[in-house]
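Content type mmCIF, C-alpha atoms, from the file upload-v9.cif:
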```
data_start
loop_
_atom_site.label_atom_id
_atom_site.label_comp_id
_atom_site.auth_asym_id
_atom_site.auth_seq_id
_atom_site.Cartn_x
_atom_site.Cartn_y
_atom_site.Cartn_z
CA MET N 22 -0.61 -13.54 -22.76
CA ILE N 23 3.18 -13.25 -23.01
CA THR N 24 4.88 -11.67 -19.99
CA ALA N 25 8.45 -10.53 -19.35
CA PHE N 26 10.24 -10.78 -16.00
CA GLN N 27 13.53 -8.99 -15.27
CA LEU N 28 15.98 -9.18 -12.35
CA ALA N 29 19.35 -7.80 -11.36
CA LYS N 30 22.03 -10.20 -12.61
CA ILE N 31 23.21 -11.14 -9.11
CA ILE N 32 21.65 -10.44 -5.71
CA PHE N 33 23.74 -11.13 -2.60
CA THR N 34 21.65 -11.08 0.61
CA GLY N 35 22.60 -11.65 4.23
CA ALA N 36 24.73 -10.41 7.10
CA GLY N 37 28.23 -9.72 5.80
CA ALA N 38 27.23 -9.54 2.13
CA LEU N 39 29.08 -6.21 1.88
CA GLU N 40 32.34 -8.16 1.68
CA LYS N 41 31.34 -9.18 -1.86
CA VAL N 42 31.98 -5.67 -3.22
CA PRO N 43 35.67 -6.06 -4.21
CA GLU N 44 35.09 -9.46 -5.78
CA THR N 45 32.28 -8.21 -8.00
CA ILE N 46 34.45 -5.34 -9.26
CA GLN N 47 37.58 -7.42 -9.83
CA MET N 48 35.71 -10.18 -11.66
CA GLN N 49 34.68 -7.61 -14.26
CA GLY N 50 38.24 -6.35 -14.72
CA LEU N 51 37.20 -2.90 -13.53
CA LYS N 52 39.52 -0.48 -11.76
CA LYS N 53 37.81 2.45 -10.05
CA PRO N 54 34.22 2.91 -8.83
CA LEU N 55 32.43 6.15 -8.03
CA ILE N 56 30.48 5.78 -4.79
CA VAL N 57 27.27 7.83 -4.99
CA THR N 58 25.80 8.47 -1.55
CA ASP N 59 24.66 11.23 0.81
CA LYS N 60 25.95 13.13 3.83
CA GLY N 61 23.85 11.11 6.25
CA VAL N 62 25.33 7.80 5.11
CA VAL N 63 28.80 9.31 5.45
CA LYS N 64 28.05 10.76 8.89
CA VAL N 65 26.97 7.44 10.40
CA GLY N 66 30.02 5.65 9.04
CA LEU N 67 28.40 3.42 6.44
CA ALA N 68 30.34 4.93 3.55
CA LYS N 69 33.57 4.28 5.45
CA LYS N 70 32.67 0.59 5.68
CA VAL N 71 32.61 0.42 1.86
CA GLU N 72 35.74 2.58 1.56
CA ASP N 73 37.65 0.36 4.00
CA ILE N 74 36.69 -2.79 2.11
CA LEU N 75 37.80 -1.28 -1.19
CA THR N 76 41.06 0.02 0.30
CA ALA N 77 41.85 -3.37 1.83
CA ALA N 78 41.41 -4.94 -1.62
CA GLY N 79 43.66 -2.33 -3.26
CA ILE N 80 40.81 -0.77 -5.26
CA PRO N 81 40.90 3.05 -5.63
CA TYR N 82 37.61 4.94 -5.61
CA ALA N 83 36.00 8.37 -5.74
CA LEU N 84 33.16 9.54 -3.48
CA TYR N 85 30.18 11.77 -4.30
CA ASP N 86 28.15 12.51 -1.16
CA GLU N 87 25.92 15.43 -2.17
CA THR N 88 22.78 13.43 -2.99
CA VAL N 89 19.65 14.98 -1.48
CA PRO N 90 16.30 13.41 -0.60
CA ASN N 91 14.23 13.36 -3.79
CA PRO N 92 17.40 13.69 -5.93
CA HIS N 93 17.40 16.21 -8.76
CA GLU N 94 19.15 16.64 -12.08
CA LYS N 95 22.06 18.57 -10.48
CA ASN N 96 22.94 15.49 -8.43
CA ALA N 97 23.13 13.53 -11.67
CA ALA N 98 25.22 16.18 -13.47
CA ASP N 99 27.63 16.78 -10.58
CA SER N 100 28.20 13.08 -9.90
CA TYR N 101 28.77 12.46 -13.61
CA ASP N 102 31.32 15.31 -13.71
CA LEU N 103 33.19 13.66 -10.83
CA TYR N 104 32.91 10.24 -12.49
CA THR N 105 34.59 11.65 -15.60
CA LYS N 106 37.18 13.76 -13.76
CA GLU N 107 38.30 10.83 -11.60
CA GLY N 108 38.47 8.36 -14.48
CA CYS N 109 35.93 5.99 -12.94
CA ASP N 110 34.69 2.97 -14.85
CA CYS N 111 31.86 1.68 -12.61
CA LEU N 112 29.33 2.88 -10.05
CA ILE N 113 28.29 2.04 -6.49
CA GLY N 114 24.95 3.43 -5.26
CA LEU N 115 25.06 3.41 -1.45
CA GLY N 116 22.13 4.53 0.68
CA GLY N 117 18.39 4.75 0.34
CA GLY N 118 16.49 5.08 -2.88
CA SER N 119 17.71 8.64 -3.41
CA SER N 120 21.37 7.63 -3.62
CA MET N 121 20.68 4.55 -5.71
CA ASP N 122 18.50 6.54 -8.12
CA ALA N 123 21.14 9.28 -8.32
CA ALA N 124 23.72 6.63 -9.21
CA LYS N 125 21.42 5.34 -11.96
CA ALA N 126 20.99 8.89 -13.26
CA CYS N 127 24.77 9.36 -13.29
CA GLY N 128 25.03 6.13 -15.26
CA ILE N 129 22.44 7.34 -17.77
CA LEU N 130 24.49 10.46 -18.45
CA ALA N 131 27.65 8.38 -18.76
CA THR N 132 26.36 6.14 -21.53
CA ASN N 133 23.25 7.79 -22.95
CA GLY N 134 23.96 11.49 -22.59
CA GLY N 135 21.30 13.98 -21.55
CA PRO N 136 19.18 15.72 -20.67
CA LEU N 137 17.52 13.23 -18.36
CA GLY N 138 14.07 14.48 -19.36
CA ASN N 139 14.60 12.85 -22.75
CA PHE N 140 14.26 9.46 -21.05
CA ARG N 141 11.14 10.10 -18.95
CA GLY N 142 8.78 7.22 -19.64
CA MET N 143 9.31 3.59 -20.57
CA GLY N 144 12.12 1.95 -22.52
CA LEU N 145 13.80 5.04 -23.95
CA LEU N 146 17.44 4.37 -23.03
CA LYS N 147 19.74 3.48 -25.93
CA ALA N 148 22.70 1.98 -24.07
CA ASP N 149 23.42 -0.01 -20.91
CA LEU N 150 24.64 1.79 -17.81
CA PRO N 151 28.24 1.29 -16.65
CA PHE N 152 28.68 -1.69 -14.32
CA TYR N 153 26.58 -0.72 -11.32
CA ILE N 154 26.50 -2.13 -7.78
CA ALA N 155 23.47 -1.14 -5.65
CA ILE N 156 23.86 -1.30 -1.87
CA PRO N 157 20.75 -0.28 0.11
CA THR N 158 21.07 1.00 3.67
CA THR N 159 17.30 1.16 4.25
CA ALA N 160 14.60 -1.46 3.76
CA GLY N 161 12.05 0.21 1.60
CA THR N 162 12.71 1.68 -1.81
CA GLY N 163 13.72 -1.53 -3.58
CA SER N 164 15.82 0.51 -6.04
CA GLU N 165 18.45 -2.23 -5.91
CA SER N 166 16.03 -4.55 -7.68
CA THR N 167 14.12 -2.25 -10.02
CA CYS N 168 14.34 -0.91 -13.54
CA ALA N 169 13.25 2.54 -12.33
CA ALA N 170 14.89 5.84 -11.43
CA VAL N 171 12.97 8.85 -10.12
CA ILE N 172 14.64 12.26 -10.47
CA THR N 173 13.12 15.64 -9.56
CA ASN N 174 13.10 18.27 -12.29
CA THR N 175 13.75 21.65 -10.66
CA GLN N 176 13.97 23.74 -13.82
CA GLU N 177 10.31 24.72 -14.09
CA GLU N 178 7.91 26.85 -12.06
CA HIS N 179 6.85 23.90 -9.94
CA HIS N 180 9.02 20.89 -9.38
CA TRP N 181 7.91 17.54 -10.80
CA LYS N 182 9.31 14.04 -10.78
CA MET N 183 10.72 12.34 -13.85
CA VAL N 184 10.04 8.61 -13.69
CA ILE N 185 12.44 6.73 -15.96
CA LEU N 186 11.58 3.06 -16.54
CA ASP N 187 13.92 0.83 -18.51
CA GLY N 188 15.34 -2.66 -18.09
CA ARG N 189 18.80 -1.16 -18.56
CA LEU N 190 18.45 0.47 -15.12
CA LEU N 191 18.57 -2.86 -13.31
CA PRO N 192 21.78 -3.00 -11.25
CA SER N 193 24.52 -5.35 -12.38
CA VAL N 194 24.83 -6.53 -8.77
CA ALA N 195 22.67 -5.89 -5.70
CA ILE N 196 24.23 -6.33 -2.26
CA ILE N 197 21.70 -6.43 0.57
CA ASP N 198 23.38 -6.56 3.96
CA PRO N 199 21.01 -6.11 6.94
CA LEU N 200 23.97 -5.12 9.12
CA LEU N 201 23.97 -1.81 7.25
CA MET N 202 20.37 -1.22 8.38
CA THR N 203 20.65 -1.85 12.12
CA GLY N 204 20.19 1.24 14.22
CA LEU N 205 18.25 3.20 11.59
CA PRO N 206 15.99 5.75 13.34
CA PRO N 207 12.40 4.55 13.88
CA ALA N 208 10.88 7.21 11.59
CA ILE N 209 13.11 6.23 8.66
CA THR N 210 12.49 2.55 9.32
CA ALA N 211 8.73 3.23 9.35
CA SER N 212 8.57 5.36 6.22
CA THR N 213 10.84 3.14 4.14
CA GLY N 214 9.04 0.04 5.36
CA MET N 215 5.70 1.46 4.23
CA ASP N 216 7.30 2.37 0.92
CA ALA N 217 8.04 -1.34 0.48
CA MET N 218 4.50 -2.23 1.55
CA THR N 219 3.07 0.18 -1.01
CA HIS N 220 5.29 -1.32 -3.73
CA ALA N 221 4.10 -4.80 -2.86
CA ILE N 222 0.39 -4.01 -2.60
CA GLU N 223 0.29 -1.87 -5.74
CA ALA N 224 2.22 -4.49 -7.70
CA TYR N 225 -0.23 -7.18 -6.57
CA ILE N 226 -3.38 -5.27 -7.55
CA SER N 227 -1.82 -3.74 -10.69
CA ILE N 228 -3.33 -4.63 -14.05
CA GLY N 229 0.21 -5.57 -15.07
CA ALA N 230 0.52 -8.23 -12.34
CA MET N 231 1.61 -11.73 -13.32
CA GLU N 232 2.21 -14.96 -11.40
CA TYR N 233 5.91 -14.20 -10.88
CA SER N 234 5.30 -10.68 -9.57
CA ASN N 235 2.34 -11.85 -7.47
CA ALA N 236 4.51 -14.39 -5.67
CA MET N 237 7.09 -11.74 -4.83
CA ALA N 238 4.45 -9.19 -3.83
CA LEU N 239 2.53 -11.53 -1.54
CA GLY N 240 5.73 -12.76 0.10
CA ALA N 241 6.76 -9.18 0.77
CA ILE N 242 3.34 -8.20 2.15
CA GLU N 243 3.38 -11.07 4.63
CA LEU N 244 6.93 -10.28 5.79
CA ILE N 245 6.20 -6.58 6.24
CA PHE N 246 3.04 -7.17 8.26
CA LYS N 247 5.02 -9.55 10.47
CA TYR N 248 8.35 -7.75 10.90
CA LEU N 249 8.02 -3.99 10.29
CA ARG N 250 6.67 -3.24 13.75
CA ARG N 251 9.60 -5.13 15.27
CA ALA N 252 12.14 -3.30 13.12
CA VAL N 253 10.66 0.07 14.12
CA GLY N 254 10.50 -0.90 17.80
CA ASN N 255 14.04 -2.26 17.99
CA GLY N 256 16.47 -1.15 15.31
CA ASN N 257 18.99 -3.79 16.38
CA ASP N 258 16.61 -6.74 15.92
CA ILE N 259 18.72 -8.45 13.27
CA GLU N 260 16.02 -10.99 12.35
CA ALA N 261 13.50 -8.22 11.71
CA ARG N 262 16.09 -6.25 9.74
CA GLU N 263 16.98 -9.25 7.59
CA LYS N 264 13.33 -10.10 6.89
CA MET N 265 12.60 -6.47 5.97
CA ALA N 266 15.65 -6.49 3.69
CA TYR N 267 14.25 -9.50 1.86
CA ALA N 268 10.80 -7.89 1.77
CA GLN N 269 11.96 -4.64 0.20
CA THR N 270 13.86 -6.46 -2.55
CA MET N 271 10.96 -8.79 -3.25
CA ALA N 272 8.59 -5.83 -3.40
CA GLY N 273 11.00 -4.06 -5.75
CA ILE N 274 11.14 -7.06 -8.05
CA ALA N 275 7.33 -7.25 -7.98
CA PHE N 276 6.65 -3.66 -8.96
CA SER N 277 9.54 -3.47 -11.41
CA ASN N 278 7.82 -6.22 -13.36
CA GLY N 279 4.13 -5.79 -12.50
CA GLY N 280 3.82 -2.05 -12.27
CA LEU N 281 2.48 0.30 -9.61
CA GLY N 282 -0.63 2.45 -9.32
CA LEU N 283 -2.33 5.61 -8.16
CA VAL N 284 -0.70 5.71 -4.71
CA HIS N 285 2.65 6.33 -6.33
CA SER N 286 1.16 8.69 -8.87
CA MET N 287 -0.17 10.82 -6.00
CA ALA N 288 2.91 10.42 -3.82
CA HIS N 289 5.40 11.72 -6.37
CA PRO N 290 3.79 15.18 -6.59
CA LEU N 291 3.68 15.34 -2.78
CA SER N 292 7.44 14.85 -2.75
CA ALA N 293 8.05 17.23 -5.64
CA PHE N 294 5.83 20.05 -4.32
CA PHE N 295 6.46 19.75 -0.57
CA ASN N 296 9.67 17.70 -0.36
CA PHE N 297 7.91 14.86 1.49
CA PRO N 298 10.04 11.74 1.97
CA HIS N 299 8.72 9.25 -0.55
CA GLY N 300 7.81 6.62 2.05
CA PHE N 301 5.69 9.04 4.09
CA ALA N 302 3.97 10.25 0.91
CA ASN N 303 3.07 6.68 -0.06
CA ALA N 304 1.99 5.65 3.43
CA VAL N 305 -0.40 8.55 3.97
CA CYS N 306 -2.14 7.96 0.61
CA LEU N 307 -2.26 4.15 0.70
CA PRO N 308 -5.39 3.50 2.84
CA THR N 309 -7.46 6.12 0.99
CA VAL N 310 -6.48 4.88 -2.47
CA LEU N 311 -7.13 1.27 -1.44
CA GLU N 312 -10.63 2.33 -0.38
CA TYR N 313 -11.07 3.82 -3.86
CA ASN N 314 -9.68 0.74 -5.63
CA LYS N 315 -11.45 -1.96 -3.64
CA ILE N 316 -14.51 -2.24 -5.87
CA VAL N 317 -12.36 -3.61 -8.72
CA CYS N 318 -10.05 -5.91 -6.74
CA ARG N 319 -12.09 -7.35 -3.86
CA GLU N 320 -10.59 -10.86 -4.07
CA LYS N 321 -7.02 -9.61 -4.04
CA MET N 322 -7.81 -7.30 -1.14
CA ALA N 323 -9.22 -10.29 0.73
CA THR N 324 -5.91 -12.10 0.19
CA ILE N 325 -4.05 -9.11 1.64
CA ALA N 326 -6.35 -9.24 4.66
CA ARG N 327 -5.49 -12.90 5.23
CA LEU N 328 -1.78 -12.08 5.15
CA SER N 329 -2.15 -9.28 7.70
CA GLY N 330 -2.42 -11.60 10.69
CA LEU N 331 -5.86 -10.34 11.72
CA THR N 332 -7.96 -13.32 12.77
CA ASP N 333 -11.45 -11.87 12.25
CA LEU N 334 -11.77 -10.86 8.61
CA GLY N 335 -15.53 -10.22 8.86
CA PRO N 336 -18.00 -10.34 5.97
CA TYR N 337 -16.03 -7.74 3.96
CA PRO N 338 -12.35 -8.78 4.04
CA GLU N 339 -11.47 -6.06 1.52
CA ASP N 340 -12.31 -3.54 4.25
CA THR N 341 -10.28 -5.56 6.74
CA ALA N 342 -7.25 -5.24 4.45
CA ILE N 343 -7.57 -1.45 4.55
CA GLU N 344 -8.01 -1.57 8.32
CA ALA N 345 -4.86 -3.70 8.64
CA VAL N 346 -2.81 -1.23 6.59
CA GLN N 347 -4.12 1.70 8.62
CA ARG N 348 -3.38 -0.11 11.89
CA LEU N 349 0.18 -0.72 10.73
CA ASN N 350 0.58 2.97 9.86
CA ASP N 351 -0.79 3.94 13.27
CA ASP N 352 1.43 1.49 15.16
CA ILE N 353 4.63 2.73 13.56
CA GLY N 354 3.85 6.43 13.85
CA ILE N 355 2.74 7.42 10.34
CA PRO N 356 0.28 10.36 10.53
CA ARG N 357 -3.15 9.83 8.97
CA THR N 358 -3.19 13.04 6.95
CA ILE N 359 -0.97 15.03 4.61
CA THR N 360 -1.04 17.97 7.01
CA GLY N 361 -0.06 15.60 9.81
CA VAL N 362 2.96 14.38 7.84
CA ALA N 363 3.94 17.96 7.06
CA ALA N 364 3.79 18.86 10.75
CA GLN N 365 5.82 15.80 11.75
CA ILE N 366 8.65 16.40 9.26
CA GLY N 367 8.64 20.20 9.44
CA ALA N 368 7.35 20.80 5.91
CA THR N 369 4.64 23.08 4.54
CA ALA N 370 1.75 21.64 2.51
CA ASP N 371 -0.72 23.99 0.82
CA SER N 372 -4.07 22.67 -0.43
CA LYS N 373 -4.06 25.27 -3.23
CA ASP N 374 -1.67 22.94 -5.05
CA ILE N 375 -4.11 20.02 -5.17
CA GLU N 376 -5.30 20.65 -8.72
CA ALA N 377 -1.75 21.01 -10.08
CA MET N 378 -0.70 17.84 -8.24
CA SER N 379 -3.74 15.99 -9.56
CA LYS N 380 -2.80 16.92 -13.11
CA ASP N 381 0.74 15.64 -12.55
CA ALA N 382 -0.59 12.45 -10.95
CA LEU N 383 -2.74 11.63 -13.96
CA GLU N 384 0.31 12.02 -16.22
CA GLU N 385 2.46 9.70 -14.07
CA VAL N 386 3.52 6.45 -15.72
CA SER N 387 2.32 4.52 -12.65
CA THR N 388 -1.27 5.51 -13.44
CA ILE N 389 -1.15 3.28 -16.52
CA THR N 390 -1.31 0.12 -14.39
CA THR N 391 -3.62 1.27 -11.58
CA PRO N 392 -6.60 -1.12 -11.32
CA ARG N 393 -9.33 1.54 -11.31
CA VAL N 394 -9.05 4.24 -13.95
CA PRO N 395 -9.27 7.66 -12.22
CA SER N 396 -10.62 10.93 -13.50
CA PHE N 397 -9.12 14.31 -12.64
CA ASN N 398 -11.96 14.92 -10.19
CA ASP N 399 -11.35 11.51 -8.60
CA VAL N 400 -7.73 12.40 -7.88
CA VAL N 401 -8.67 15.84 -6.55
CA GLY N 402 -11.16 14.13 -4.25
CA LEU N 403 -8.59 11.60 -3.04
CA TYR N 404 -6.07 14.31 -2.20
CA ASN N 405 -8.78 16.16 -0.28
CA LYS N 406 -9.65 13.00 1.67
CA CYS N 407 -5.98 12.58 2.57
CA TRP N 408 -5.52 16.21 3.49
#
```
Can the structure from this file be put into structure tokens for me?
Amino acid sequence: MITAFQLAKIIFTGAGALEKVPETIQMQGLKKPLIVTDKGVVKVGLAKKVEDILTAAGIPYALYDETVPNPHEKNAADSYDLYTKEGCDCLIGLGGGSSMDAAKACGILATNGGPLGNFRGMGLLKADLPFYIAIPTTAGTGSESTCAAVITNTQEEHHWKMVILDGRLLPSVAIIDPLLMTGLPPAITASTGMDAMTHAIEAYISIGAMEYSNAMALGAIELIFKYLRRAVGNGNDIEAREKMAYAQTMAGIAFSNGGLGLVHSMAHPLSAFFNFPHGFANAVCLPTVLEYNKIVCREKMATIARLSGLTDLGPYPEDTAIEAVQRLNDDIGIPRTITGVAAQIGATADSKDIEAMSKDALEEVSTITTPRVPSFNDVVGLYNKCW
């Protein structure tokens, strides 16, 4: 079987990597980036760090800071309007996955036109994005290393997520500086960390997995089991932050090449319908979907169990893997149910939407590579078990 493996052109990782921003712009002969970020990143001073570095290098810039969690098409349109108005010629996505995906969406409009819904699916872009630098400030989404962008469509009766997959969405440069992640609140560290864990596990058990993606996925799984609790418990633990930064990028590379599965297919409707943060949506579904999948991937689940650090794997290590994931969720404060997540984040989740969400989940591109083929009734049942 012939496989294809794609990466960002350059990935800088390590404390102080942010200083590489001016160099990467100047080497391309570019003049003015648009920084796409959100109010939270601005408020805590992380945007200013990038602005100061650019100013010191004599590089002008424009700033768009209206990105929302679960970014929508208006974020793309408004940032693209600013990109054009300010005469920008490159992009910087700064923040979590929302800001990096919004930057990708802006880039799509800049070189491919719109509407974005025309590109939902795989390999539908016609032109490369402008030069794009991805700078994550959380350790979870992996958007800095993926060929994916997820944008919420708000134009219909119920919101739904457009998953755009294309090799042209890979950043030109990824800059992963763990110093930008120190001090993140425990809840954000937990949810984004479990997002990375879900990426890694789903990539590993995906029917699209290959040796390259498996190596990245397994490396990420081991790091997350070892360091996520520490990162949640002490946001200034620089070793834990750096290891989680590596893990999220490795997990992103793994799923960008190997695919995802039903956890993501179920999580996206949870975010679209109830505005759940993506990491929480993944985390709450992961143990239940692994229980569903285990009959078709027992050996891989046993490998996950061995990486968890549990010493007694018992006669059914596939069950131990699920137990290890659930223990990790419990230890870092992830609720066990959808209603529990809703209560924790102040959202409202209504079970009357289960059938509509199940329909959307089955149509998700991630379902293509899930290891066990689900029926509509299967997905309804899984949502009910998670409820």
Which residues, protein or nucleic acid, reach to within 9 Å of (5.7, -10.7, -3.7) in the file's coordinates when using only C-alpha atoms, and can you give that as an mmCIF file with C-alpha atoms, in the coordinates of the input?
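Below is the file that was written, out-v3.cif:
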```
data_model
loop_
_atom_site.group_PDB
_atom_site.id
_atom_site.type_symbol
_atom_site.label_atom_id
_atom_site.label_comp_id
_atom_site.auth_asym_id
_atom_site.auth_seq_id
_atom_site.Cartn_x
_atom_site.Cartn_y
_atom_site.Cartn_z
ATOM 1 C CA ALA N 221 4.100 -4.800 -2.860
ATOM 2 C CA ILE N 222 0.390 -4.010 -2.600
ATOM 3 C CA ALA N 224 2.220 -4.490 -7.700
ATOM 4 C CA TYR N 225 -0.230 -7.180 -6.570
ATOM 5 C CA TYR N 233 5.910 -14.200 -10.880
ATOM 6 C CA SER N 234 5.300 -10.680 -9.570
ATOM 7 C CA ASN N 235 2.340 -11.850 -7.470
ATOM 8 C CA ALA N 236 4.510 -14.390 -5.670
ATOM 9 C CA MET N 237 7.090 -11.740 -4.830
ATOM 10 C CA ALA N 238 4.450 -9.190 -3.830
ATOM 11 C CA LEU N 239 2.530 -11.530 -1.540
ATOM 12 C CA GLY N 240 5.730 -12.760 0.100
ATOM 13 C CA ALA N 241 6.760 -9.180 0.770
ATOM 14 C CA ILE N 242 3.340 -8.200 2.150
ATOM 15 C CA GLU N 243 3.380 -11.070 4.630
ATOM 16 C CA ALA N 268 10.800 -7.890 1.770
ATOM 17 C CA MET N 271 10.960 -8.790 -3.250
ATOM 18 C CA ALA N 272 8.590 -5.830 -3.400
ATOM 19 C CA GLY N 273 11.000 -4.060 -5.750
ATOM 20 C CA ILE N 274 11.140 -7.060 -8.050
ATOM 21 C CA ALA N 275 7.330 -7.250 -7.980
ATOM 22 C CA PHE N 276 6.650 -3.660 -8.960
#
```
### Query
Which residues fall under the PyMOL selection byres ((chain N and resi 389) around 9) in this file, as a PyMOL selection string?
chain N and resi 228+280-283+383-388+390-392+394
### Query
From the set N:Tyr101, N:Tyr313, N:Phe301, N:Phe294, which residue has the shortest atom-to-atom contact distance to Leu130 of chain N, counting only C-alpha atoms?
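When distances to Leu130 of chain N are compared using only C-alpha atoms, the smallest one comes from N:Tyr101.
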### Task
Compile the contact shell of segment 44-51 of chain N as a ChimeraX atom specification: residues with an atom at most 12 Å away, counting only C-alpha atoms, same-chain residues fewer than 3 positions apart removed.
/N:30-33,38-41,54-55,74-75,77-82,108-113,151-155,193-196
### Message
Counting all atoms listed in the file, which residue out of N:Leu249, N:Val346, N:Ala148, N:Leu191 sits closest to Cys168 of chain N?
### Response
N:Leu191
### Message
Ranking N:Ser329, N:Gln269, N:Ser379, N:Gln347 by minimum distance to Ala288 of chain N and counting all atoms listed in the file, which one comes first?
### Response
N:Ser379
### Residue nearest Val171 of chain N - candidates N:Lys106, N:Lys406, N:Arg141, N:Arg189, atoms counted: all atoms listed in the file
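Counting all atoms listed in the file, the residue closest to Val171 of chain N is N:Arg141.
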### Task
Starting from the shown file, work through the PyMOL selection byres ((chain N and resi 398) around 12) and note down what comes out as a PyMOL selection string.
chain N and resi 375-380+382-383+394-397+399-405
### Message
Could you tell me, as a list of chain:residue names, exactly which residues end up selected when the PyMOL selection byres ((chain N and resi 331) around 10) is applied to this structure?
### Response
N:Ala326, N:Arg327, N:Leu328, N:Ser329, N:Gly330, N:Thr332, N:Asp333, N:Leu334, N:Thr341, N:Ala342, N:Glu344, N:Ala345
Store the residues of this selection in a file with C-alpha atoms, as a PDB file, in the frame of the given file.
```
ATOM      1  CA  ALA N 326      -6.350  -9.240   4.660  1.00  0.00           C
ATOM      2  CA  ARG N 327      -5.490 -12.900   5.230  1.00  0.00           C
ATOM      3  CA  LEU N 328      -1.780 -12.080   5.150  1.00  0.00           C
ATOM      4  CA  SER N 329      -2.150  -9.280   7.700  1.00  0.00           C
ATOM      5  CA  GLY N 330      -2.420 -11.600  10.690  1.00  0.00           C
ATOM      6  CA  THR N 332      -7.960 -13.320  12.770  1.00  0.00           C
ATOM      7  CA  ASP N 333     -11.450 -11.870  12.250  1.00  0.00           C
ATOM      8  CA  LEU N 334     -11.770 -10.860   8.610  1.00  0.00           C
ATOM      9  CA  THR N 341     -10.280  -5.560   6.740  1.00  0.00           C
ATOM     10  CA  ALA N 342      -7.250  -5.240   4.450  1.00  0.00           C
ATOM     11  CA  GLU N 344      -8.010  -1.570   8.320  1.00  0.00           C
ATOM     12  CA  ALA N 345      -4.860  -3.700   8.640  1.00  0.00           C
TER      13      ALA N 345
END
```
### Message
Given all atoms listed in the file as the basis, pick out the residue of N:Ile366, N:Met215, N:Leu190, N:Met265 nearest to Leu307 of chain N.
### Response
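Closest to Leu307 of chain N of all the choices is N:Met215.
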### Atom pair atom CA of Ile129 of chain N / atom CA of Glu87 of chain N: separation (Å)
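According to the coordinates, atom CA of Ile129 of chain N and atom CA of Glu87 of chain N are separated by 17.9 Å.
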### Query
With distances taken over all atoms listed in the file, which of N:Ser166, N:Ser100, N:Thr219, N:Thr309 is nearest to His285 of chain N?
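Nearest candidate to His285 of chain N out of N:Ser166, N:Ser100, N:Thr219, N:Thr309: N:Thr219.
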### Task
In the coordinate frame of the file, compute which residues have an atom within 7 Å of (4.8, 13.1, -9.6) when using only C-alpha atoms, and state them as a PyMOL selection string.
chain N and resi 181-182+286-290+293+381-382+385
### Summary
atom CA of Val184 of chain N sits from atom CA of Ala170 of chain N at a separation of 6.0 Å
### Task
Within 6 Å of segment 251-254 of chain N, counting all atoms listed in the file, which residues show up once you throw out same-chain ones fewer than 3 positions away? Write them as a list in words, please.
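Residues meeting the cut-off are Pro207, Thr210, Tyr248, Ala261 and Arg262 of chain N.
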Put the listed atoms of segment 135-140 of chain N in a box along x, y and z with 5 Å added on every side and give me the centre and edge lengths in Å to one decimal, as JSON.
```
{"center_x": 17.7, "center_y": 12.6, "center_z": -20.6, "size_x": 17.2, "size_y": 16.3, "size_z": 14.4}
```
### Query
Quick one: distance from atom CA of Thr173 of chain N to atom CA of Val42 of chain N in Å, one decimal?
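Atom CA of Val42 of chain N lies 29.2 Å from atom CA of Thr173 of chain N.
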